[in-house]
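Chemist: Quick one: structure below, then a few questions.
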Amino acid sequence: MLNQRKLATRALIAVVFWPSLFFFWFLGPFVFFLLSTTSSDLCPLLERREQFLVSANGTLPMLALQSLIYATPIACLVLWSRLSPDPARARHVATCIKLFAIAIPTGALWQYGSSLTCDGYGQGFFSPLWQMTSYLPIVSLVINIPLYVLVFALGRGFSTRDDITEDGVVHPPQDGP
């Protein structure tokens with residue numbers, strides 16, 4: 001009974017993990033970037049530094065929401081790790097958490113900087129440091145590619161049943177002596 005409950009819980013986590021990984025991590029950035037930066041239609045209308053700041057600060061709630069939504073697959077990995085403790089997987093989950101903790105502020109800083117500079121319209125109002133945020137997508141790629149690969153591999157490992165061998169044979173659970 002305990003094994004069935006554990007298997008059902010792992011399956012429920014998989015039902016959350018895989019769609020969130022696909023929709024939030026692979027499709028979400030395209031949508032969230034549009035929602036979490038100042039629109040290109042608004043940028044030419046902004047004339048003062050204060051207007052740029054208000055516009056960029058208006059994106060902060062969306063950046064916070066985006067970060068919470070992006071954390072869903074990581075939370076699933078942590079739950080799986082608690083259900084099936086394995087020291088090797090736990091180290092990989094910890095690595096995912098560390099990479100994620102670096103990736104989120106890097107992406108948020110890039111998006112906030114994009115709102116401040118408004119694709120070049122705000123360059124006269126802000127220091128060249130904010131213009132350097134245009135290099136952050138490269139940093140994000142360097143961080144996110146290993147993160148995506150590791151999260152995908154862990155998700156596959158956690159969502160695969162332990163009682164199935166590679167040739168597809170299901171072995172019944174063995175009761176202790």
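Here, A, B, ... name the chains of the structure tokens in the order displayed, residue numbers run from 1 inside each chain, and ligands are numbered from 1 in the same displayed order.
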Give me the region 50-123 of chain A side of the contact with region 9-20 of chain A, cut-off 12 Å, one line per residue showing its nearest atom pair and distance in Å at one decimal, counting only C-alpha atoms, sorted by chain and residue number, as a Markdown table.
Modeler:
| residue | atom | partner | partner_atom | distance |
| --- | --- | --- | --- | --- |
| A:Leu68 | CA | A:Ser20 | CA | 11.8 |
| A:Ile69 | CA | A:Ser20 | CA | 8.4 |
| A:Tyr70 | CA | A:Ser20 | CA | 8.1 |
| A:Ala71 | CA | A:Ser20 | CA | 9.3 |
| A:Thr72 | CA | A:Ser20 | CA | 6.7 |
| A:Pro73 | CA | A:Phe17 | CA | 5.2 |
| A:Ile74 | CA | A:Phe17 | CA | 8.5 |
| A:Ala75 | CA | A:Phe17 | CA | 8.7 |
| A:Cys76 | CA | A:Phe17 | CA | 5.9 |
| A:Leu77 | CA | A:Phe17 | CA | 8.1 |
| A:Val78 | CA | A:Ile13 | CA | 10.3 |
| A:Leu79 | CA | A:Ile13 | CA | 7.8 |
| A:Trp80 | CA | A:Arg10 | CA | 6.6 |
| A:Ser81 | CA | A:Arg10 | CA | 10.0 |
| A:Arg82 | CA | A:Arg10 | CA | 10.5 |
| A:Leu83 | CA | A:Arg10 | CA | 7.6 |
| A:Ser84 | CA | A:Arg10 | CA | 9.0 |
Chemist: Produce a file of the selected residues containing all heavy atoms, as a short mmCIF file (atom, residue, chain, number, x, y, z; two decimals), in the first residue's frame.
Modeler:
data_model
loop_
_atom_site.label_atom_id
_atom_site.label_comp_id
_atom_site.auth_asym_id
_atom_site.auth_seq_id
_atom_site.Cartn_x
_atom_site.Cartn_y
_atom_site.Cartn_z
N LEU A 68 8.59 33.10 -9.48
CA LEU A 68 7.83 32.08 -8.75
C LEU A 68 7.36 30.97 -9.68
O LEU A 68 7.42 29.79 -9.34
CB LEU A 68 6.65 32.72 -8.03
CG LEU A 68 6.97 33.54 -6.80
CD1 LEU A 68 5.72 34.23 -6.27
CD2 LEU A 68 7.60 32.67 -5.72
N ILE A 69 6.87 31.35 -10.85
CA ILE A 69 6.39 30.36 -11.80
C ILE A 69 7.54 29.50 -12.31
O ILE A 69 7.41 28.28 -12.44
CB ILE A 69 5.64 31.05 -12.96
CG1 ILE A 69 4.31 31.60 -12.43
CG2 ILE A 69 5.41 30.11 -14.12
CD1 ILE A 69 3.55 32.46 -13.42
N TYR A 70 8.68 30.12 -12.58
CA TYR A 70 9.84 29.36 -13.04
C TYR A 70 10.34 28.37 -11.99
O TYR A 70 11.02 27.40 -12.32
CB TYR A 70 10.98 30.31 -13.41
CG TYR A 70 10.85 30.97 -14.76
CD1 TYR A 70 11.73 31.97 -15.13
CD2 TYR A 70 9.87 30.61 -15.67
CE1 TYR A 70 11.64 32.59 -16.36
CE2 TYR A 70 9.76 31.23 -16.90
CZ TYR A 70 10.65 32.21 -17.24
OH TYR A 70 10.55 32.82 -18.46
N ALA A 71 10.04 28.61 -10.73
CA ALA A 71 10.52 27.73 -9.66
C ALA A 71 9.72 26.43 -9.57
O ALA A 71 10.14 25.52 -8.86
CB ALA A 71 10.48 28.47 -8.33
N THR A 72 8.62 26.31 -10.29
CA THR A 72 7.77 25.11 -10.19
C THR A 72 8.53 23.82 -10.49
O THR A 72 8.46 22.87 -9.70
CB THR A 72 6.54 25.26 -11.10
OG1 THR A 72 5.83 26.43 -10.73
CG2 THR A 72 5.62 24.06 -10.98
N PRO A 73 9.27 23.71 -11.61
CA PRO A 73 10.00 22.45 -11.84
C PRO A 73 11.06 22.17 -10.76
O PRO A 73 11.27 21.01 -10.39
CB PRO A 73 10.68 22.67 -13.21
CG PRO A 73 9.85 23.70 -13.88
CD PRO A 73 9.37 24.59 -12.78
N ILE A 74 11.69 23.20 -10.23
CA ILE A 74 12.68 23.00 -9.17
C ILE A 74 11.99 22.48 -7.91
O ILE A 74 12.50 21.57 -7.24
CB ILE A 74 13.45 24.31 -8.88
CG1 ILE A 74 14.19 24.80 -10.12
CG2 ILE A 74 14.40 24.14 -7.70
CD1 ILE A 74 15.30 23.91 -10.61
N ALA A 75 10.82 23.02 -7.59
CA ALA A 75 10.06 22.55 -6.43
C ALA A 75 9.67 21.08 -6.60
O ALA A 75 9.72 20.30 -5.65
CB ALA A 75 8.83 23.42 -6.21
N CYS A 76 9.31 20.71 -7.83
CA CYS A 76 8.97 19.30 -8.10
C CYS A 76 10.18 18.41 -7.88
O CYS A 76 10.05 17.31 -7.31
CB CYS A 76 8.46 19.14 -9.53
SG CYS A 76 6.82 19.85 -9.80
N LEU A 77 11.35 18.85 -8.30
CA LEU A 77 12.57 18.06 -8.08
C LEU A 77 12.83 17.89 -6.58
O LEU A 77 13.22 16.80 -6.14
CB LEU A 77 13.77 18.72 -8.75
CG LEU A 77 13.83 18.67 -10.26
CD1 LEU A 77 15.07 19.42 -10.76
CD2 LEU A 77 13.82 17.26 -10.78
N VAL A 78 12.63 18.94 -5.82
CA VAL A 78 12.84 18.85 -4.37
C VAL A 78 11.85 17.86 -3.75
O VAL A 78 12.24 17.02 -2.92
CB VAL A 78 12.73 20.25 -3.72
CG1 VAL A 78 12.71 20.15 -2.21
CG2 VAL A 78 13.88 21.13 -4.18
N LEU A 79 10.59 17.91 -4.17
CA LEU A 79 9.59 16.97 -3.65
C LEU A 79 9.95 15.54 -4.03
O LEU A 79 9.86 14.63 -3.19
CB LEU A 79 8.20 17.32 -4.18
CG LEU A 79 7.58 18.60 -3.62
CD1 LEU A 79 6.29 18.92 -4.34
CD2 LEU A 79 7.35 18.47 -2.13
N TRP A 80 10.34 15.32 -5.27
CA TRP A 80 10.76 13.98 -5.69
C TRP A 80 11.95 13.51 -4.86
O TRP A 80 12.03 12.35 -4.48
CB TRP A 80 11.15 13.98 -7.16
CG TRP A 80 10.06 13.63 -8.11
CD1 TRP A 80 9.01 12.79 -7.91
CD2 TRP A 80 9.92 14.11 -9.44
NE1 TRP A 80 8.23 12.72 -9.03
CE2 TRP A 80 8.77 13.52 -9.99
CE3 TRP A 80 10.66 14.98 -10.24
CZ2 TRP A 80 8.35 13.76 -11.29
CZ3 TRP A 80 10.23 15.21 -11.53
CH2 TRP A 80 9.09 14.61 -12.04
N SER A 81 12.87 14.40 -4.63
CA SER A 81 14.06 14.06 -3.87
C SER A 81 13.70 13.65 -2.44
O SER A 81 14.32 12.76 -1.86
CB SER A 81 15.03 15.24 -3.85
OG SER A 81 16.19 14.93 -3.15
N ARG A 82 12.68 14.28 -1.88
CA ARG A 82 12.22 13.93 -0.53
C ARG A 82 11.53 12.57 -0.53
O ARG A 82 11.63 11.81 0.42
CB ARG A 82 11.26 14.97 0.02
CG ARG A 82 11.85 16.34 0.12
CD ARG A 82 12.61 16.49 1.38
NE ARG A 82 13.03 17.89 1.50
CZ ARG A 82 14.19 18.24 1.97
NH1 ARG A 82 15.02 17.34 2.41
NH2 ARG A 82 14.53 19.50 2.04
N LEU A 83 10.80 12.26 -1.62
CA LEU A 83 10.10 10.97 -1.70
C LEU A 83 11.06 9.81 -1.93
O LEU A 83 10.83 8.71 -1.44
CB LEU A 83 9.08 11.00 -2.85
CG LEU A 83 7.77 11.71 -2.58
CD1 LEU A 83 6.95 11.78 -3.84
CD2 LEU A 83 7.00 11.00 -1.49
N SER A 84 12.07 10.03 -2.74
CA SER A 84 13.03 8.98 -3.08
C SER A 84 14.44 9.46 -2.76
O SER A 84 15.17 9.88 -3.65
CB SER A 84 12.93 8.63 -4.56
OG SER A 84 11.63 8.26 -4.90
#
Chemist: Leaving out Tyr112 (chain A) and any residue of its chain fewer than 3 positions from it, which residues lie within 8 Å of it when counting only C-alpha atoms, given as a PDB file with N, CA and C atoms, in the first residue's frame?
Modeler:
ATOM      1  N   SER A  36       7.231  41.517 -19.093  1.00  0.00           N
ATOM      2  CA  SER A  36       8.045  42.029 -17.993  1.00  0.00           C
ATOM      3  C   SER A  36       9.049  43.091 -18.437  1.00  0.00           C
ATOM      4  N   THR A  37       8.850  43.667 -19.585  1.00  0.00           N
ATOM      5  CA  THR A  37       9.683  44.790 -20.025  1.00  0.00           C
ATOM      6  C   THR A  37       8.760  45.899 -20.511  1.00  0.00           C
ATOM      7  N   ALA A  56       9.887  51.091 -15.788  1.00  0.00           N
ATOM      8  CA  ALA A  56      10.690  49.910 -15.458  1.00  0.00           C
ATOM      9  C   ALA A  56      10.265  49.314 -14.120  1.00  0.00           C
ATOM     10  N   ASN A  57       9.998  50.153 -13.131  1.00  0.00           N
ATOM     11  CA  ASN A  57       9.555  49.651 -11.832  1.00  0.00           C
ATOM     12  C   ASN A  57       8.186  48.985 -11.915  1.00  0.00           C
ATOM     13  N   THR A  59       7.383  46.917 -14.035  1.00  0.00           N
ATOM     14  CA  THR A  59       7.589  45.532 -14.463  1.00  0.00           C
ATOM     15  C   THR A  59       8.023  44.627 -13.316  1.00  0.00           C
ATOM     16  N   LEU A  60       8.376  45.190 -12.168  1.00  0.00           N
ATOM     17  CA  LEU A  60       8.877  44.384 -11.057  1.00  0.00           C
ATOM     18  C   LEU A  60       7.885  43.322 -10.556  1.00  0.00           C
ATOM     19  N   ALA A 108      16.308  38.472 -14.475  1.00  0.00           N
ATOM     20  CA  ALA A 108      15.524  39.626 -14.017  1.00  0.00           C
ATOM     21  C   ALA A 108      16.287  40.932 -14.230  1.00  0.00           C
ATOM     22  N   LEU A 109      17.578  40.913 -13.971  1.00  0.00           N
ATOM     23  CA  LEU A 109      18.393  42.110 -14.183  1.00  0.00           C
ATOM     24  C   LEU A 109      18.434  42.490 -15.660  1.00  0.00           C
ATOM     25  N   SER A 115      14.088  47.299 -19.754  1.00  0.00           N
ATOM     26  CA  SER A 115      13.034  48.287 -19.536  1.00  0.00           C
ATOM     27  C   SER A 115      13.611  49.672 -19.328  1.00  0.00           C
ATOM     28  N   LEU A 116      14.725  49.763 -18.619  1.00  0.00           N
ATOM     29  CA  LEU A 116      15.334  51.070 -18.373  1.00  0.00           C
ATOM     30  C   LEU A 116      15.895  51.694 -19.646  1.00  0.00           C
TER      31      LEU A 116
END
Chemist: For Trp25 (chain A), which residue among A:Ala88, A:Ala103, A:Arg5, A:Leu129 is the nearest when counting only C-alpha atoms?
Modeler: A:Ala103
Chemist: Could you check the closest approach to Leu150 (chain A) for each of A:Arg89, A:Thr106, A:Gly113, A:Pro128 and tell me which residue wins, using only C-alpha atoms?
Modeler: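 Checking each candidate against Leu150 (chain A), we get A:Arg89 as the closest.
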Chemist: When DSSP is applied to the backbone of this structure, which of region 20-170 of chain A are assigned helix (DSSP H, G or I)? Write them out as a PyMOL selection string.
Modeler: chain A and resi 20-35+43-45+49-57+60-70+72-83+87-120+128-159
Chemist: Between A:Gly107, A:Pro85, A:Pro146, A:Pro137, which one has atoms that come closest to Phe158 (chain A), using only C-alpha atoms?
Modeler: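 Of the candidates, the smallest distance to Phe158 (chain A) is held by A:Pro85.
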Chemist: State, in Å with one decimal place, the distance from CA of Phe26 (chain A) to CA of Lys98 (chain A).
Modeler: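 Separating CA of Phe26 (chain A) from CA of Lys98 (chain A) is a distance of 19.6 Å.
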Chemist: Pick the closest to Val93 (chain A) from A:Leu154, A:Met62, A:Val142, A:Leu45: which is it, counting only C-alpha atoms?
Modeler: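 Checking each of A:Leu154, A:Met62, A:Val142, A:Leu45 against Val93 (chain A), counting only C-alpha atoms, the winner is A:Leu154.
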Chemist: Suppose you want the space between CA of Trp110 (chain A) and CA of Ser134 (chain A); what is it in Å?
Modeler: 6.7 Å
Chemist: For Gly157 (chain A), which of A:Leu136, A:Leu21, A:Asp86, A:Val31 is the closest residue, counting only C-alpha atoms?
Modeler: A:Asp86
